[in-house]
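Undergrad: One structure follows; several queries about it will come next.
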Amino acid sequence: MRLVLFGAPGVGKGTYANLLSAKYGIPHVSTGEIIRDEVERQSPLGLAVAELMARGHLVSDDIAVALVKERFKRGDCAKGFVLDGFPRTVPQARAFDEFLSEHHWKVDFVANIRVNNSEIVDRISKRYTCRKCHAIYNTEYAPPRREGFCDNCGGPLYKRSDEDEHAVRTRLNVYMHETAPVLDYYKTQGVVLDMDGTGKGVEDNFSSLLKLIQSHHEGQKKLTNGNGNNSPL
Ligand code: AMP
């Protein structure tokens, strides 16, 4: 299963990617997390992009693509992966397709999660992330059992530097102009699955997402007489 979770900031990509990763035993690859780690370690790359990121702008395509290729060198993505936050521009999507085709792979599905902007701004204002394991919480929809600490690992929860109102508006604007066109790119490949991610809460939304993926996966398997494009599922 080679999945891309797609959608504006705050629609729940990270949360669903964590759940899909656990369900299918495939790695969750988040370029945002990779870049935040670089920033935290104060690596040369981290120092170079920290301000850009905090203001809600994208890092360059070359950097994003190089980070993903580097991450794939670990080898665990051979059995499948769930990508969150990448590709974020059409040039990134093209470069990623080229990279995948070198392995005779392709993206199976792009799950496009739709949530309206006012709900996004509200969700992000209530969102906290675990500094240790990167689990995501929302004080209203998915609160931690103990305030300020992660249920999974006990790590401290923090607010990301790009989650103030100004940065969130910039990120939504960047999404509309630079990232949304990626959807048209994938639509031409017939791999886009649309999902309404509004309101219903994490469990219900995740169960809709699973149903959507599984029904299309079944459809794909029938089309390929069960050979399913080397898919491990
Ligand atoms: P995310 O955690 O996916 O919301 O990403 C947080 C920030 O990391 C973004 O606002 C960008 O500054 C940077 N970033 C993450 N992924 C990419 C990407 N594919 N291309 C460019 N910048 C990215």
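Residue numbers start at 1 in each chain; chains themselves are named A, B, ... in the order of the structure tokens; ligands are numbered from 1 in the order shown.
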Write out as a PDB file with N, CA, C and O atoms, in the first residue's frame the residues lying within 12 Å of region 49-52 of chain A, counting only C-alpha atoms and excluding same-chain residues fewer than 3 positions away.

TA:
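Here's the written file selection.pdb:
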```pdb
ATOM      1  N   GLY A  32       7.278  17.202   7.245  1.00  0.00           N
ATOM      2  CA  GLY A  32       7.237  18.227   8.293  1.00  0.00           C
ATOM      3  C   GLY A  32       8.001  17.774   9.530  1.00  0.00           C
ATOM      4  O   GLY A  32       8.782  18.525  10.113  1.00  0.00           O
ATOM      5  N   ILE A  35      11.749  17.746   8.915  1.00  0.00           N
ATOM      6  CA  ILE A  35      12.314  19.103   8.939  1.00  0.00           C
ATOM      7  C   ILE A  35      12.333  19.660  10.370  1.00  0.00           C
ATOM      8  O   ILE A  35      13.306  20.281  10.793  1.00  0.00           O
ATOM      9  N   ARG A  36      11.252  19.392  11.138  1.00  0.00           N
ATOM     10  CA  ARG A  36      11.244  19.867  12.536  1.00  0.00           C
ATOM     11  C   ARG A  36      12.385  19.235  13.333  1.00  0.00           C
ATOM     12  O   ARG A  36      13.001  19.888  14.166  1.00  0.00           O
ATOM     13  N   ASP A  37      12.714  17.958  13.053  1.00  0.00           N
ATOM     14  CA  ASP A  37      13.853  17.319  13.736  1.00  0.00           C
ATOM     15  C   ASP A  37      15.154  18.038  13.393  1.00  0.00           C
ATOM     16  O   ASP A  37      16.003  18.249  14.249  1.00  0.00           O
ATOM     17  N   GLU A  38      15.295  18.395  12.111  1.00  0.00           N
ATOM     18  CA  GLU A  38      16.519  19.120  11.689  1.00  0.00           C
ATOM     19  C   GLU A  38      16.609  20.458  12.431  1.00  0.00           C
ATOM     20  O   GLU A  38      17.685  20.850  12.872  1.00  0.00           O
ATOM     21  N   VAL A  39      15.457  21.129  12.544  1.00  0.00           N
ATOM     22  CA  VAL A  39      15.444  22.439  13.221  1.00  0.00           C
ATOM     23  C   VAL A  39      15.828  22.255  14.689  1.00  0.00           C
ATOM     24  O   VAL A  39      16.651  22.994  15.232  1.00  0.00           O
ATOM     25  N   GLU A  40      15.252  21.237  15.324  1.00  0.00           N
ATOM     26  CA  GLU A  40      15.517  21.019  16.740  1.00  0.00           C
ATOM     27  C   GLU A  40      16.982  20.663  17.005  1.00  0.00           C
ATOM     28  O   GLU A  40      17.579  21.110  17.963  1.00  0.00           O
ATOM     29  N   ARG A  41      17.553  19.869  16.080  1.00  0.00           N
ATOM     30  CA  ARG A  41      18.971  19.485  16.239  1.00  0.00           C
ATOM     31  C   ARG A  41      19.911  20.612  15.851  1.00  0.00           C
ATOM     32  O   ARG A  41      21.116  20.489  15.951  1.00  0.00           O
ATOM     33  N   GLN A  42      19.351  21.701  15.301  1.00  0.00           N
ATOM     34  CA  GLN A  42      20.126  22.840  14.832  1.00  0.00           C
ATOM     35  C   GLN A  42      21.200  22.417  13.823  1.00  0.00           C
ATOM     36  O   GLN A  42      22.338  22.891  13.869  1.00  0.00           O
ATOM     37  N   SER A  43      20.808  21.498  12.936  1.00  0.00           N
ATOM     38  CA  SER A  43      21.712  21.093  11.858  1.00  0.00           C
ATOM     39  C   SER A  43      21.823  22.269  10.887  1.00  0.00           C
ATOM     40  O   SER A  43      20.982  23.181  10.922  1.00  0.00           O
ATOM     41  N   PRO A  44      22.825  22.273   9.992  1.00  0.00           N
ATOM     42  CA  PRO A  44      22.932  23.378   9.025  1.00  0.00           C
ATOM     43  C   PRO A  44      21.630  23.557   8.237  1.00  0.00           C
ATOM     44  O   PRO A  44      21.154  24.671   8.047  1.00  0.00           O
ATOM     45  N   LEU A  45      21.017  22.434   7.825  1.00  0.00           N
ATOM     46  CA  LEU A  45      19.753  22.530   7.095  1.00  0.00           C
ATOM     47  C   LEU A  45      18.665  23.127   7.992  1.00  0.00           C
ATOM     48  O   LEU A  45      17.923  24.023   7.591  1.00  0.00           O
ATOM     49  N   GLY A  46      18.598  22.643   9.233  1.00  0.00           N
ATOM     50  CA  GLY A  46      17.597  23.125  10.176  1.00  0.00           C
ATOM     51  C   GLY A  46      17.726  24.627  10.406  1.00  0.00           C
ATOM     52  O   GLY A  46      16.732  25.360  10.396  1.00  0.00           O
ATOM     53  N   ARG A  55       7.346  30.819   9.688  1.00  0.00           N
ATOM     54  CA  ARG A  55       6.427  31.797   9.085  1.00  0.00           C
ATOM     55  C   ARG A  55       5.355  31.120   8.224  1.00  0.00           C
ATOM     56  O   ARG A  55       4.475  31.776   7.679  1.00  0.00           O
ATOM     57  N   GLY A  56       5.498  29.803   8.009  1.00  0.00           N
ATOM     58  CA  GLY A  56       4.462  29.071   7.278  1.00  0.00           C
ATOM     59  C   GLY A  56       4.752  28.885   5.802  1.00  0.00           C
ATOM     60  O   GLY A  56       3.876  28.472   5.041  1.00  0.00           O
ATOM     61  N   HIS A  57       6.009  29.181   5.371  1.00  0.00           N
ATOM     62  CA  HIS A  57       6.349  28.990   3.959  1.00  0.00           C
ATOM     63  C   HIS A  57       6.958  27.608   3.730  1.00  0.00           C
ATOM     64  O   HIS A  57       7.418  26.954   4.664  1.00  0.00           O
ATOM     65  N   LEU A  58       6.986  27.208   2.465  1.00  0.00           N
ATOM     66  CA  LEU A  58       7.560  25.898   2.120  1.00  0.00           C
ATOM     67  C   LEU A  58       9.079  26.004   2.005  1.00  0.00           C
ATOM     68  O   LEU A  58       9.604  27.046   1.615  1.00  0.00           O
ATOM     69  N   VAL A  59       9.777  24.921   2.305  1.00  0.00           N
ATOM     70  CA  VAL A  59      11.206  24.844   1.973  1.00  0.00           C
ATOM     71  C   VAL A  59      11.285  24.515   0.473  1.00  0.00           C
ATOM     72  O   VAL A  59      10.280  24.169  -0.151  1.00  0.00           O
ATOM     73  N   SER A  60      12.482  24.623  -0.103  1.00  0.00           N
ATOM     74  CA  SER A  60      12.579  24.459  -1.559  1.00  0.00           C
ATOM     75  C   SER A  60      12.256  23.018  -1.981  1.00  0.00           C
ATOM     76  O   SER A  60      12.412  22.074  -1.193  1.00  0.00           O
ATOM     77  N   ILE A  63      15.196  20.605  -1.550  1.00  0.00           N
ATOM     78  CA  ILE A  63      15.405  20.115  -0.178  1.00  0.00           C
ATOM     79  C   ILE A  63      14.364  19.049   0.154  1.00  0.00           C
ATOM     80  O   ILE A  63      14.700  17.966   0.645  1.00  0.00           O
ATOM     81  N   ALA A  64      13.078  19.332  -0.135  1.00  0.00           N
ATOM     82  CA  ALA A  64      12.012  18.386   0.229  1.00  0.00           C
ATOM     83  C   ALA A  64      12.241  17.031  -0.459  1.00  0.00           C
ATOM     84  O   ALA A  64      12.155  15.974   0.176  1.00  0.00           O
ATOM     85  N   ARG A 160       3.475  23.893  18.066  1.00  0.00           N
ATOM     86  CA  ARG A 160       4.450  24.129  17.002  1.00  0.00           C
ATOM     87  C   ARG A 160       4.623  25.618  16.722  1.00  0.00           C
ATOM     88  O   ARG A 160       3.687  26.394  16.862  1.00  0.00           O
ATOM     89  N   SER A 161       5.857  25.980  16.287  1.00  0.00           N
ATOM     90  CA  SER A 161       6.143  27.407  16.057  1.00  0.00           C
ATOM     91  C   SER A 161       5.324  27.967  14.894  1.00  0.00           C
ATOM     92  O   SER A 161       5.124  29.172  14.800  1.00  0.00           O
ATOM     93  N   ASP A 162       4.837  27.075  13.992  1.00  0.00           N
ATOM     94  CA  ASP A 162       4.077  27.589  12.844  1.00  0.00           C
ATOM     95  C   ASP A 162       2.563  27.464  13.067  1.00  0.00           C
ATOM     96  O   ASP A 162       1.804  27.340  12.127  1.00  0.00           O
ATOM     97  N   ALA A 167       0.818  32.545  10.964  1.00  0.00           N
ATOM     98  CA  ALA A 167       1.485  31.462  10.217  1.00  0.00           C
ATOM     99  C   ALA A 167       0.448  30.506   9.614  1.00  0.00           C
ATOM    100  O   ALA A 167       0.614  30.032   8.484  1.00  0.00           O
ATOM    101  N   THR A 170      -0.919  32.004   6.491  1.00  0.00           N
ATOM    102  CA  THR A 170       0.066  31.879   5.408  1.00  0.00           C
ATOM    103  C   THR A 170       0.063  30.451   4.870  1.00  0.00           C
ATOM    104  O   THR A 170       0.068  30.222   3.654  1.00  0.00           O
ATOM    105  N   ARG A 171       0.023  29.465   5.775  1.00  0.00           N
ATOM    106  CA  ARG A 171       0.060  28.060   5.328  1.00  0.00           C
ATOM    107  C   ARG A 171      -1.167  27.717   4.484  1.00  0.00           C
ATOM    108  O   ARG A 171      -1.066  26.985   3.497  1.00  0.00           O
TER     109      ARG A 171
END
```

Undergrad: Residues at most 8 Å from Gly197 (chain A), counting only C-alpha atoms, excluding those fewer than 6 positions away in the same chain, as a PyMOL selection string?

TA: chain A and resi 11-12+113-115+205

Undergrad: If you run DSSP over the backbone, which residues in region 26-180 of chain A end up helix (DSSP H, G or I)? Put them as a PyMOL selection string.

TA: chain A and resi 31-41+44-54+61-72+76-79+90-102+117-125+161-163+165-179

Undergrad: Find the residue from A:His177, A:Gln92, A:Ser30, A:Lys69 that sits nearest to Tyr16 (chain A); use only C-alpha atoms when measuring.

TA: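 Once distances to Tyr16 (chain A) are computed over only C-alpha atoms, the minimum belongs to A:Ser30.
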
Undergrad: When DSSP is applied to the backbone of this structure, which of region 118-147 of chain A are assigned strand (DSSP E)? Write them out as a list in words.

TA: Arg127, Tyr128, Thr129, Cys130, Ile136, Tyr137 and Asn138 of chain A

Undergrad: Could the residues in this selection be saved with N, CA, C and O atoms as a JSON list (two decimals), in the first residue's frame?

TA:
```json
[["chain", "number", "residue", "atom", "x", "y", "z"],
["A", 127, "ARG", "N", -4.48, 22.38, 18.84],
["A", 127, "ARG", "CA", -3.63, 21.21, 18.59],
["A", 127, "ARG", "C", -2.30, 21.27, 19.36],
["A", 127, "ARG", "O", -1.67, 22.31, 19.42],
["A", 128, "TYR", "N", -1.92, 20.14, 19.91],
["A", 128, "TYR", "CA", -0.62, 20.02, 20.59],
["A", 128, "TYR", "C", 0.06, 18.76, 20.08],
["A", 128, "TYR", "O", -0.59, 17.79, 19.73],
["A", 129, "THR", "N", 1.39, 18.80, 20.04],
["A", 129, "THR", "CA", 2.17, 17.68, 19.50],
["A", 129, "THR", "C", 3.13, 17.18, 20.58],
["A", 129, "THR", "O", 3.66, 17.99, 21.35],
["A", 130, "CYS", "N", 3.36, 15.86, 20.59],
["A", 130, "CYS", "CA", 4.33, 15.31, 21.55],
["A", 130, "CYS", "C", 5.74, 15.57, 21.06],
["A", 130, "CYS", "O", 6.08, 15.25, 19.92],
["A", 136, "ILE", "N", -0.23, 13.43, 17.95],
["A", 136, "ILE", "CA", -0.94, 14.71, 17.86],
["A", 136, "ILE", "C", -2.21, 14.66, 18.72],
["A", 136, "ILE", "O", -2.95, 13.67, 18.70],
["A", 137, "TYR", "N", -2.44, 15.73, 19.47],
["A", 137, "TYR", "CA", -3.63, 15.82, 20.33],
["A", 137, "TYR", "C", -4.41, 17.08, 19.99],
["A", 137, "TYR", "O", -3.87, 18.03, 19.41],
["A", 138, "ASN", "N", -5.68, 17.06, 20.36],
["A", 138, "ASN", "CA", -6.52, 18.24, 20.19],
["A", 138, "ASN", "C", -7.32, 18.36, 21.48],
["A", 138, "ASN", "O", -7.98, 17.39, 21.88]]
```

Undergrad: Pick from A:Leu83, A:Leu47, A:Val107, A:Val168: nearest to Arg123 (chain A), with only C-alpha atoms counted?

TA: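 For Arg123 (chain A), the nearest of the given residues is A:Val168.
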
Undergrad: Counting only C-alpha atoms and all ligand atoms, figure out which residue out of A:Val191, A:Ile213, A:Ala54, A:Ala142 gets nearest to ligand 1.

TA: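 Closest to ligand 1 of all the choices is A:Ala54.
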
Undergrad: Would you work out the distance separating CA of Asp76 (chain A) from CA of His28 (chain A), expressed in Å to one decimal?

TA: 10.3 Å

Undergrad: For Gly75 (chain A), which residue out of A:Gly10, A:Pro27, A:Gly219, A:Gly155 is the nearest one, using only C-alpha atoms?

TA: A:Pro27

Undergrad: Contacts of Val182 (chain A) at 8 Å or less, counting only C-alpha atoms, minus same-chain residues fewer than 3 places along, as a PyMOL selection string?

TA: chain A and resi 87-90+93+178-179+185-186

Undergrad: Restricted to N, CA, C and O atoms, what would the selected residues look like written as a PDB file, in the first residue's frame?

TA:
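Saved the output as selection-v4.pdb:
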```pdb
ATOM      1  N   PRO A  87       3.950  14.822  -1.684  1.00  0.00           N
ATOM      2  CA  PRO A  87       4.484  16.025  -2.315  1.00  0.00           C
ATOM      3  C   PRO A  87       3.572  17.239  -2.097  1.00  0.00           C
ATOM      4  O   PRO A  87       2.363  17.097  -1.985  1.00  0.00           O
ATOM      5  N   ARG A  88       4.189  18.403  -2.070  1.00  0.00           N
ATOM      6  CA  ARG A  88       3.449  19.624  -1.759  1.00  0.00           C
ATOM      7  C   ARG A  88       3.461  20.627  -2.903  1.00  0.00           C
ATOM      8  O   ARG A  88       2.872  21.691  -2.796  1.00  0.00           O
ATOM      9  N   THR A  89       4.140  20.276  -3.986  1.00  0.00           N
ATOM     10  CA  THR A  89       4.107  21.096  -5.208  1.00  0.00           C
ATOM     11  C   THR A  89       4.116  20.118  -6.384  1.00  0.00           C
ATOM     12  O   THR A  89       4.500  18.947  -6.218  1.00  0.00           O
ATOM     13  N   VAL A  90       3.718  20.621  -7.562  1.00  0.00           N
ATOM     14  CA  VAL A  90       3.708  19.733  -8.733  1.00  0.00           C
ATOM     15  C   VAL A  90       5.139  19.255  -9.068  1.00  0.00           C
ATOM     16  O   VAL A  90       5.327  18.058  -9.326  1.00  0.00           O
ATOM     17  N   ALA A  93       5.841  16.342  -6.927  1.00  0.00           N
ATOM     18  CA  ALA A  93       5.081  15.146  -7.322  1.00  0.00           C
ATOM     19  C   ALA A  93       5.750  14.477  -8.526  1.00  0.00           C
ATOM     20  O   ALA A  93       5.881  13.249  -8.581  1.00  0.00           O
ATOM     21  N   GLU A 178       0.074  26.680  -4.035  1.00  0.00           N
ATOM     22  CA  GLU A 178       1.180  25.807  -4.457  1.00  0.00           C
ATOM     23  C   GLU A 178       0.865  24.322  -4.347  1.00  0.00           C
ATOM     24  O   GLU A 178       1.363  23.519  -5.122  1.00  0.00           O
ATOM     25  N   THR A 179       0.039  23.957  -3.344  1.00  0.00           N
ATOM     26  CA  THR A 179      -0.169  22.519  -3.089  1.00  0.00           C
ATOM     27  C   THR A 179      -1.426  21.974  -3.761  1.00  0.00           C
ATOM     28  O   THR A 179      -1.396  20.866  -4.315  1.00  0.00           O
ATOM     29  N   TYR A 185      -2.741  16.972 -10.715  1.00  0.00           N
ATOM     30  CA  TYR A 185      -1.681  16.102 -11.239  1.00  0.00           C
ATOM     31  C   TYR A 185      -2.042  14.628 -10.984  1.00  0.00           C
ATOM     32  O   TYR A 185      -1.983  13.795 -11.888  1.00  0.00           O
ATOM     33  N   TYR A 186      -2.473  14.308  -9.743  1.00  0.00           N
ATOM     34  CA  TYR A 186      -2.796  12.918  -9.429  1.00  0.00           C
ATOM     35  C   TYR A 186      -4.140  12.486 -10.018  1.00  0.00           C
ATOM     36  O   TYR A 186      -4.349  11.302 -10.267  1.00  0.00           O
TER      37      TYR A 186
END
```

Undergrad: Which residues are close to Leu193 (chain A), i.e. within 9 Å by only C-alpha atoms, leaving aside same-chain residues fewer than 5 positions away? Reply as a list in words.

TA: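 Everything that qualifies: Phe109, Val110, Ala111, Asn112, Ile113, Leu212, Ile213 and His216 of chain A.
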
Undergrad: As an exercise, work out the distance from CA of Val121 (chain A) to CA of Pro9 (chain A) in Å and give it to one decimal place.

TA: 9.1 Å

Undergrad: Report, in Å with one decimal, the straight-line distance from CA of Gly190 (chain A) to CA of Leu100 (chain A).

TA: 16.9 Å
